[in-house]
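A short worksheet on the structure shown next.
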Amino acid sequence: MFLYNETISAYISRVRLLTKEIVNQEMQLKMDRARIHYKGIMYPLNIVVFEDNTRLGYFDSRSYELGLSKKLMYTAKDEVLKNILRHELAHFMCYLVYGPQVLHGEEFHEMCKRFGWGQDVYAAYANIEAENLKVSDDNEKTEKLLAKLKKLLALASSDNIHERELATLKANQLLLEHNLDLTHATSSKEETVYVKRVLESTRKSVKHVAIYEILKTFFVSPVFNHGRGVFYLEVIGDKTSVELADYVANFLDHELEVIWKETQKENKRLKGLAAKNSFYNGVAKGYVEKIQQQKSTLATSTDLVAIEKNLQKNLRIVYPRIGHSSLSGGRHDVDAHNAGKVKGGNLSIKPGISSGSSRPYLLS
């Protein structure tokens, strides 16, 4: 999960200076702003700050992205931070020289030695002071609210139609109240904007666009972002909404395929890509219309507009220039679309599987 605010922006600026120092002085290359010159080619290096319980840093060759954990802002001295940067820059160079297959083997060690870096750089693990790793009050509030929302979403899959509708209504009410509190907050505390990659694939499909449209009802701004041979579906917003959207996106990625197959069994005429794409568009439309109708009974139009303005403000902080994302579904199948709308109107977000981890902090 990537983070944005003024303090983090200042931290990233400091990290860029340390990175430039390492590249220019130790690696004997040239770094100009966010690009590194190597053999006549200028390669981008995008530095981001992320929140994760298992990693301190990483380099992603698909997006030329060097990530540093937020923990390092408060616990790492400059030399420790520089060693982590050296480790990830070694991965960057291994990618340029050997390709993406190199992890922490012999080639990686040789690359570190080439620049005069030893065990403290090429080790895959790092120990950082743990004082600030205690869960904060804000994190506790987030976890409690997420647990309550997931419980309501589970109840929304009940066979009892009254229980199902009440649970969906209550979940929307909680999300609305949470976002209204954020929007109307007058505290001088610096607000952090969260970004998380919830799905990725080699090719964007109509199913992904349907998920994109549904996620907007969870008070986040979804965005399609592209790397080398891959695209990401990211969500932007406050921490609670982003974590919930991640939960929902992973559920929908599987569930939409399931309900499409179920609908095909119910209607043997629905075949082919055009029908499938029309069905997914219908599911998104049916679900969004249901939630919008509920929201109109829970909040005034003024409140909804205020929340939307806050979402757009957060989106512009992360991506100052961005357009609307869409994908044509090709030929339209009316029957499939209408079947999708019915399924979307009855769609419930059932409990997903959480992949908890207790691994030590890693450098990758």
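By order of appearance in the structure tokens: chains A, B, ..., then residues from 1 within every chain, and ligands from 1 in the order shown.
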Considering only C-alpha atoms, tabulate each residue of region 79-113 of chain A that lies at most 8 Å from region 4-23 of chain A along with its nearest interatomic pair and the corresponding distance in Å to one decimal; arrange the rows by chain and ascending residue number and present them as a Markdown table.
| residue | atom | partner | partner_atom | distance |
| --- | --- | --- | --- | --- |
| A:Lys82 | CA | A:Leu18 | CA | 6.8 |
| A:Leu85 | CA | A:Thr19 | CA | 6.7 |
| A:Arg86 | CA | A:Ile22 | CA | 7.3 |
Output file for the selection above: C-alpha atoms, as a PDB file, in the first residue's frame:
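Writing done, so here's again20.pdb:
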ATOM      1  CA  LYS A  82      21.514   3.774   2.222  1.00  0.00           C
ATOM      2  CA  LEU A  85      18.822   1.593  -1.224  1.00  0.00           C
ATOM      3  CA  ARG A  86      22.077  -0.080  -2.341  1.00  0.00           C
TER       4      ARG A  86
END
Point to revise | Residues within 6 Å of Leu45 (chain A), only C-alpha atoms, excluding chain neighbours under 4 positions, as a list in words | key: Ala34, Arg35, Tyr64 and Glu65 of chain A
Can I get the selected residues back with N, CA and C atoms, as an mmCIF file, in the first residue's frame?
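See out11.cif below for the written result:
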data_model
loop_
_atom_site.group_PDB
_atom_site.id
_atom_site.type_symbol
_atom_site.label_atom_id
_atom_site.label_comp_id
_atom_site.auth_asym_id
_atom_site.auth_seq_id
_atom_site.Cartn_x
_atom_site.Cartn_y
_atom_site.Cartn_z
ATOM 1 N N ALA A 34 14.803 11.696 -11.889
ATOM 2 C CA ALA A 34 14.277 10.355 -11.611
ATOM 3 C C ALA A 34 14.704 9.358 -12.673
ATOM 4 N N ARG A 35 15.857 9.597 -13.323
ATOM 5 C CA ARG A 35 16.341 8.692 -14.368
ATOM 6 C C ARG A 35 17.825 8.386 -14.178
ATOM 7 N N TYR A 64 9.746 -0.204 -12.954
ATOM 8 C CA TYR A 64 10.965 0.515 -12.544
ATOM 9 C C TYR A 64 10.707 1.264 -11.241
ATOM 10 N N GLU A 65 10.186 0.534 -10.268
ATOM 11 C CA GLU A 65 9.735 1.135 -9.012
ATOM 12 C C GLU A 65 10.593 0.637 -7.860
#
Exercise for review: Quick one: everything within 8 Å of His337 (chain A), counting only C-alpha atoms, minus sequence neighbours fewer than 6 positions away in the same chain. Send it as an NGL selection string.
Suggested key: :A and (275 or 278-283)
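Compared by their closest atoms to Leu215 (chain A), and using only C-alpha atoms, the residues A:Arg321, A:Lys285, A:Lys148, A:Arg269 rank with A:Lys285 nearest.
Minimum atom-to-atom distances from A:Glu106, A:Asp32, A:Glu213, A:Asp120 to Val288 (chain A) were compared using only C-alpha atoms, and the lowest value belongs to A:Glu213.
Proximity ranking of A:Val230, A:Leu96, A:Val220, A:Ile349 relative to Gln312 (chain A) places A:Val220 first, based on only C-alpha atoms.
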Practice item. Excluding Phe50 (chain A) and residues on its chain fewer than 2 positions from it, collect all residues at most 7 Å away from it, counting only C-alpha atoms, and give them as a ChimeraX atom specification. Key: /A:1-3,48,52,67-70
Exercise for review: Could you please write out, as a VMD selection string, every residue of region 16-59 of chain A that DSSP assigns to strand (DSSP E)?
Suggested key: chain A and resid 30 to 32 35 to 38 41 to 44 46 to 50 55 to 59
Filtering to N, CA and C atoms, could you give me those residues as a compact mmCIF listing (two decimals), in the first residue's frame?
# COMPACT_ATOMS: atom_id res chain seq x y z
N LYS A 30 25.31 7.99 -13.81
CA LYS A 30 24.77 9.33 -13.70
C LYS A 30 23.27 9.25 -13.46
N MET A 31 22.82 9.92 -12.39
CA MET A 31 21.39 10.01 -12.12
C MET A 31 20.95 11.45 -12.29
N ASP A 32 19.95 11.66 -13.13
CA ASP A 32 19.40 12.99 -13.39
C ASP A 32 17.93 12.97 -13.03
N ARG A 35 15.86 9.60 -13.32
CA ARG A 35 16.34 8.69 -14.37
C ARG A 35 17.83 8.39 -14.18
N ILE A 36 18.18 7.13 -14.48
CA ILE A 36 19.57 6.69 -14.38
C ILE A 36 20.09 6.39 -15.78
N HIS A 37 21.24 6.96 -16.13
CA HIS A 37 21.84 6.76 -17.44
C HIS A 37 22.70 5.48 -17.39
N TYR A 38 22.45 4.57 -18.33
CA TYR A 38 23.25 3.35 -18.40
C TYR A 38 23.37 2.92 -19.86
N ILE A 41 21.22 4.74 -22.45
CA ILE A 41 19.76 4.72 -22.25
C ILE A 41 19.43 5.33 -20.89
N MET A 42 18.35 6.10 -20.84
CA MET A 42 17.90 6.69 -19.59
C MET A 42 16.75 5.84 -19.03
N TYR A 43 17.00 5.19 -17.90
CA TYR A 43 16.00 4.32 -17.28
C TYR A 43 15.31 5.07 -16.14
N PRO A 44 13.98 5.01 -16.08
CA PRO A 44 13.28 5.68 -14.97
C PRO A 44 13.48 4.94 -13.66
N ASN A 46 11.27 5.16 -10.20
CA ASN A 46 10.18 5.76 -9.45
C ASN A 46 10.25 5.31 -7.99
N ILE A 47 10.44 6.26 -7.07
CA ILE A 47 10.57 5.94 -5.65
C ILE A 47 9.24 6.17 -4.95
N VAL A 48 8.77 5.14 -4.24
CA VAL A 48 7.50 5.22 -3.52
C VAL A 48 7.68 4.76 -2.08
N VAL A 49 6.77 5.18 -1.21
CA VAL A 49 6.72 4.73 0.18
C VAL A 49 5.49 3.85 0.33
N PHE A 50 5.68 2.67 0.94
CA PHE A 50 4.56 1.75 1.08
C PHE A 50 4.40 1.30 2.52
N ARG A 55 7.86 -6.47 4.35
CA ARG A 55 8.99 -6.01 3.54
C ARG A 55 9.47 -4.63 3.97
N LEU A 56 10.77 -4.40 3.86
CA LEU A 56 11.35 -3.09 4.09
C LEU A 56 11.62 -2.36 2.78
N GLY A 57 11.84 -3.12 1.71
CA GLY A 57 12.12 -2.50 0.42
C GLY A 57 11.95 -3.50 -0.70
N TYR A 58 11.82 -2.98 -1.92
CA TYR A 58 11.72 -3.86 -3.09
C TYR A 58 12.07 -3.06 -4.34
N PHE A 59 12.40 -3.79 -5.41
CA PHE A 59 12.51 -3.19 -6.75
C PHE A 59 11.64 -3.99 -7.68
Wanna dump the region 223-277 of chain A-region 188-204 of chain A contacts at 7 Å for me, each residue with its shortest atom pair and the distance in Å to one decimal, counting only C-alpha atoms, ordered by chain and number, as a tab-separated table?
residue	atom	partner	partner_atom	distance
A:Gly229	CA	A:Thr202	CA	5.8
A:Val230	CA	A:Thr202	CA	4.3
A:Phe231	CA	A:Glu200	CA	5.6
A:Tyr232	CA	A:Glu200	CA	4.4
A:Leu233	CA	A:Leu199	CA	5.1
A:Glu234	CA	A:Arg197	CA	4.2
A:Val235	CA	A:Lys196	CA	5.5
A:Ile236	CA	A:Val195	CA	4.6
A:Gly237	CA	A:Tyr194	CA	5.4
A:Asp238	CA	A:Tyr194	CA	5.7
A:Lys239	CA	A:Tyr194	CA	5.8
A:Val242	CA	A:Lys196	CA	6.8
A:Asp246	CA	A:Val198	CA	5.1
A:Ala249	CA	A:Val198	CA	6.4
So that I have them on file, write out the residues from the current selection with C-alpha atoms, as a PDB file, in the first residue's frame.
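The new file part.pdb reads:
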ATOM      1  CA  GLY A 229       3.657  -6.115 -19.929  1.00  0.00           C
ATOM      2  CA  VAL A 230       1.288  -5.691 -16.973  1.00  0.00           C
ATOM      3  CA  PHE A 231      -1.516  -3.465 -15.782  1.00  0.00           C
ATOM      4  CA  TYR A 232      -2.612  -2.794 -12.224  1.00  0.00           C
ATOM      5  CA  LEU A 233      -5.964  -1.866 -10.761  1.00  0.00           C
ATOM      6  CA  GLU A 234      -5.169   0.518  -7.918  1.00  0.00           C
ATOM      7  CA  VAL A 235      -7.489   2.113  -5.379  1.00  0.00           C
ATOM      8  CA  ILE A 236      -6.934   5.499  -3.732  1.00  0.00           C
ATOM      9  CA  GLY A 237      -8.529   6.774  -0.531  1.00  0.00           C
ATOM     10  CA  ASP A 238      -8.349   6.559   3.253  1.00  0.00           C
ATOM     11  CA  LYS A 239      -6.873   3.437   4.840  1.00  0.00           C
ATOM     12  CA  VAL A 242      -8.723   1.097   0.583  1.00  0.00           C
ATOM     13  CA  ASP A 246      -8.878  -4.677  -1.709  1.00  0.00           C
ATOM     14  CA  ALA A 249     -11.780  -6.622  -5.533  1.00  0.00           C
TER      15      ALA A 249
END
Near Pro100 (chain A), within 10 Å and counting only C-alpha atoms, which residues show up once chain neighbours fewer than 2 positions away are dropped, as a CSV table (one decimal) with C-alpha atoms, in the first residue's frame?
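The resulting file, part_29.csv, is reproduced below:
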chain,number,residue,atom,x,y,z
A,60,ASP,CA,9.8,-4.0,-9.3
A,61,SER,CA,11.3,-4.2,-12.8
A,62,ARG,CA,7.9,-4.1,-14.5
A,91,HIS,CA,18.5,-5.5,-8.1
A,92,PHE,CA,17.9,-2.7,-10.6
A,94,CYS,CA,20.9,-7.1,-12.2
A,95,TYR,CA,17.7,-6.5,-14.1
A,96,LEU,CA,19.5,-4.4,-16.7
A,97,VAL,CA,22.4,-6.8,-17.0
A,98,TYR,CA,20.9,-10.3,-16.5
A,102,VAL,CA,18.0,-12.8,-10.7
A,103,LEU,CA,17.0,-12.7,-7.1
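Here the question is which of A:Lys309, A:Lys343, A:Lys141, A:His226 gets nearest to Glu255 (chain A) using only C-alpha atoms, and that residue is A:Lys343.
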Region 194-263 of chain A near region 151-163 of chain A within 12 Å: what's each residue's closest atom pair and its distance in Å to one decimal, counting only C-alpha atoms, ordered by chain then ascending residue number, as JSON lines?
{"residue": "A:Phe218", "atom": "CA", "partner": "A:Leu153", "partner_atom": "CA", "distance": 12.0}
{"residue": "A:Leu244", "atom": "CA", "partner": "A:Leu153", "partner_atom": "CA", "distance": 10.5}
{"residue": "A:Tyr247", "atom": "CA", "partner": "A:Leu153", "partner_atom": "CA", "distance": 10.8}
{"residue": "A:Val248", "atom": "CA", "partner": "A:Leu153", "partner_atom": "CA", "distance": 9.7}
{"residue": "A:Phe251", "atom": "CA", "partner": "A:Leu153", "partner_atom": "CA", "distance": 11.6}
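Of the listed residues A:Thr54, A:Thr168, A:Thr297, A:Asn310, the one whose atoms come nearest to Gly345 (chain A) is A:Thr168, with distances taken using only C-alpha atoms.
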Report the residues of region 33-231 of chain A whose backbone DSSP state falls under alpha helix (DSSP H), written as a PDB file with C-alpha atoms, in the first residue's frame.
ATOM      1  CA  LYS A  71       8.796   2.212   8.976  1.00  0.00           C
ATOM      2  CA  LEU A  72      12.151   3.385   7.653  1.00  0.00           C
ATOM      3  CA  MET A  73      11.055   7.034   7.926  1.00  0.00           C
ATOM      4  CA  TYR A  74      11.221   6.842  11.708  1.00  0.00           C
ATOM      5  CA  THR A  75      13.611   4.020  12.579  1.00  0.00           C
ATOM      6  CA  ASP A  78      20.972   7.302   7.040  1.00  0.00           C
ATOM      7  CA  GLU A  79      23.543   4.526   6.683  1.00  0.00           C
ATOM      8  CA  VAL A  80      20.930   1.814   7.245  1.00  0.00           C
ATOM      9  CA  LEU A  81      18.656   3.529   4.730  1.00  0.00           C
ATOM     10  CA  LYS A  82      21.514   3.774   2.222  1.00  0.00           C
ATOM     11  CA  ASN A  83      22.268   0.054   2.586  1.00  0.00           C
ATOM     12  CA  ILE A  84      18.646  -0.750   1.771  1.00  0.00           C
ATOM     13  CA  LEU A  85      18.822   1.593  -1.224  1.00  0.00           C
ATOM     14  CA  ARG A  86      22.077  -0.080  -2.341  1.00  0.00           C
ATOM     15  CA  HIS A  87      20.383  -3.495  -2.066  1.00  0.00           C
ATOM     16  CA  GLU A  88      17.488  -2.413  -4.301  1.00  0.00           C
ATOM     17  CA  LEU A  89      19.781  -0.585  -6.733  1.00  0.00           C
ATOM     18  CA  ALA A  90      21.744  -3.844  -7.075  1.00  0.00           C
ATOM     19  CA  HIS A  91      18.475  -5.500  -8.107  1.00  0.00           C
ATOM     20  CA  PHE A  92      17.930  -2.662 -10.573  1.00  0.00           C
ATOM     21  CA  MET A  93      21.359  -3.273 -12.122  1.00  0.00           C
ATOM     22  CA  CYS A  94      20.893  -7.066 -12.156  1.00  0.00           C
ATOM     23  CA  TYR A  95      17.695  -6.541 -14.107  1.00  0.00           C
ATOM     24  CA  LEU A  96      19.493  -4.371 -16.678  1.00  0.00           C
ATOM     25  CA  VAL A  97      22.420  -6.807 -17.022  1.00  0.00           C
ATOM     26  CA  TYR A  98      20.883 -10.261 -16.519  1.00  0.00           C
ATOM     27  CA  GLU A 106      25.568 -15.507  -7.246  1.00  0.00           C
ATOM     28  CA  GLU A 107      24.930 -12.825  -9.876  1.00  0.00           C
ATOM     29  CA  PHE A 108      23.355 -10.575  -7.255  1.00  0.00           C
ATOM     30  CA  HIS A 109      26.322 -11.025  -4.884  1.00  0.00           C
ATOM     31  CA  GLU A 110      28.754 -10.300  -7.708  1.00  0.00           C
ATOM     32  CA  MET A 111      26.845  -7.133  -8.601  1.00  0.00           C
ATOM     33  CA  CYS A 112      27.097  -5.937  -4.991  1.00  0.00           C
ATOM     34  CA  LYS A 113      30.839  -6.691  -4.895  1.00  0.00           C
ATOM     35  CA  ARG A 114      31.264  -4.812  -8.198  1.00  0.00           C
ATOM     36  CA  GLN A 119      27.174  -8.574   3.522  1.00  0.00           C
ATOM     37  CA  ASP A 120      25.327  -5.630   5.076  1.00  0.00           C
ATOM     38  CA  VAL A 121      23.992  -4.790   1.590  1.00  0.00           C
ATOM     39  CA  TYR A 122      23.371  -8.112  -0.133  1.00  0.00           C
ATOM     40  CA  ASP A 137      -4.887   3.950  17.841  1.00  0.00           C
ATOM     41  CA  ASP A 138      -5.734   4.800  14.230  1.00  0.00           C
ATOM     42  CA  ASN A 139      -4.808   1.304  13.100  1.00  0.00           C
ATOM     43  CA  GLU A 140      -6.931  -0.214  15.863  1.00  0.00           C
ATOM     44  CA  LYS A 141      -9.914   1.867  14.753  1.00  0.00           C
ATOM     45  CA  THR A 142      -9.329   0.777  11.152  1.00  0.00           C
ATOM     46  CA  GLU A 143      -9.220  -2.914  12.087  1.00  0.00           C
ATOM     47  CA  LYS A 144     -12.381  -2.679  14.195  1.00  0.00           C
ATOM     48  CA  LEU A 145     -14.304  -0.864  11.462  1.00  0.00           C
ATOM     49  CA  LEU A 146     -13.078  -3.303   8.795  1.00  0.00           C
ATOM     50  CA  ALA A 147     -14.131  -6.283  10.925  1.00  0.00           C
ATOM     51  CA  LYS A 148     -17.596  -4.777  11.401  1.00  0.00           C
ATOM     52  CA  LEU A 149     -17.979  -4.013   7.690  1.00  0.00           C
ATOM     53  CA  LYS A 150     -16.857  -7.500   6.625  1.00  0.00           C
ATOM     54  CA  LYS A 151     -19.318  -9.033   9.073  1.00  0.00           C
ATOM     55  CA  LEU A 152     -22.140  -6.969   7.578  1.00  0.00           C
ATOM     56  CA  LEU A 153     -21.085  -7.895   4.039  1.00  0.00           C
ATOM     57  CA  ALA A 154     -21.172 -11.557   5.078  1.00  0.00           C
ATOM     58  CA  LEU A 155     -24.697 -11.122   6.448  1.00  0.00           C
ATOM     59  CA  ILE A 161     -34.007 -11.293   2.063  1.00  0.00           C
ATOM     60  CA  HIS A 162     -34.858  -8.920   4.955  1.00  0.00           C
ATOM     61  CA  GLU A 163     -31.618  -9.715   6.785  1.00  0.00           C
ATOM     62  CA  ARG A 164     -29.709  -9.336   3.516  1.00  0.00           C
ATOM     63  CA  GLU A 165     -31.126  -5.907   2.689  1.00  0.00           C
ATOM     64  CA  LEU A 166     -30.719  -4.645   6.254  1.00  0.00           C
ATOM     65  CA  ALA A 167     -27.066  -5.744   6.374  1.00  0.00           C
ATOM     66  CA  THR A 168     -26.285  -4.054   3.046  1.00  0.00           C
ATOM     67  CA  LEU A 169     -28.006  -0.876   4.233  1.00  0.00           C
ATOM     68  CA  LYS A 170     -26.088  -0.901   7.518  1.00  0.00           C
ATOM     69  CA  ALA A 171     -22.748  -1.449   5.743  1.00  0.00           C
ATOM     70  CA  ASN A 172     -23.430   1.527   3.472  1.00  0.00           C
ATOM     71  CA  GLN A 173     -24.468   3.623   6.446  1.00  0.00           C
ATOM     72  CA  LEU A 174     -21.207   2.845   8.268  1.00  0.00           C
ATOM     73  CA  LEU A 175     -19.128   3.671   5.186  1.00  0.00           C
ATOM     74  CA  LEU A 176     -21.043   6.909   4.652  1.00  0.00           C
ATOM     75  CA  GLU A 177     -20.594   8.004   8.265  1.00  0.00           C
ATOM     76  CA  HIS A 178     -16.890   7.153   8.133  1.00  0.00           C
ATOM     77  CA  ASN A 179     -16.340   9.158   4.946  1.00  0.00           C
ATOM     78  CA  LEU A 180     -18.445  12.082   6.171  1.00  0.00           C
ATOM     79  CA  ASP A 181     -16.300  12.209   9.304  1.00  0.00           C
ATOM     80  CA  LEU A 182     -13.183  12.339   7.125  1.00  0.00           C
ATOM     81  CA  THR A 183     -14.676  14.975   4.834  1.00  0.00           C
ATOM     82  CA  HIS A 184     -15.881  17.238   7.653  1.00  0.00           C
ATOM     83  CA  VAL A 206     -14.375  -5.961 -19.343  1.00  0.00           C
ATOM     84  CA  LYS A 207     -14.475  -7.911 -16.062  1.00  0.00           C
ATOM     85  CA  HIS A 208     -11.785  -5.600 -14.665  1.00  0.00           C
ATOM     86  CA  VAL A 209     -13.756  -2.546 -15.769  1.00  0.00           C
ATOM     87  CA  ALA A 210     -16.863  -3.975 -14.050  1.00  0.00           C
ATOM     88  CA  ILE A 211     -14.850  -4.394 -10.829  1.00  0.00           C
ATOM     89  CA  TYR A 212     -13.573  -0.819 -11.298  1.00  0.00           C
ATOM     90  CA  GLU A 213     -17.156   0.493 -11.455  1.00  0.00           C
ATOM     91  CA  ILE A 214     -18.294  -1.525  -8.416  1.00  0.00           C
ATOM     92  CA  LEU A 215     -15.311  -0.403  -6.322  1.00  0.00           C
TER      93      LEU A 215
END
Practice item. Can you work out the spacing between CA of Leu298 (chain A) and CA of Pro222 (chain A) in Å, to one decimal? Key: 23.1 Å
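With CA of Gln292 (chain A) on one side and CA of Ile259 (chain A) on the other, the separation reads 22.1 Å.
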**Study point:** For Gln293 (chain A), the nearest of the candidates A:Glu26, A:Ser63, A:His104, A:Thr217, counting only C-alpha atoms
**Key:** A:Thr217
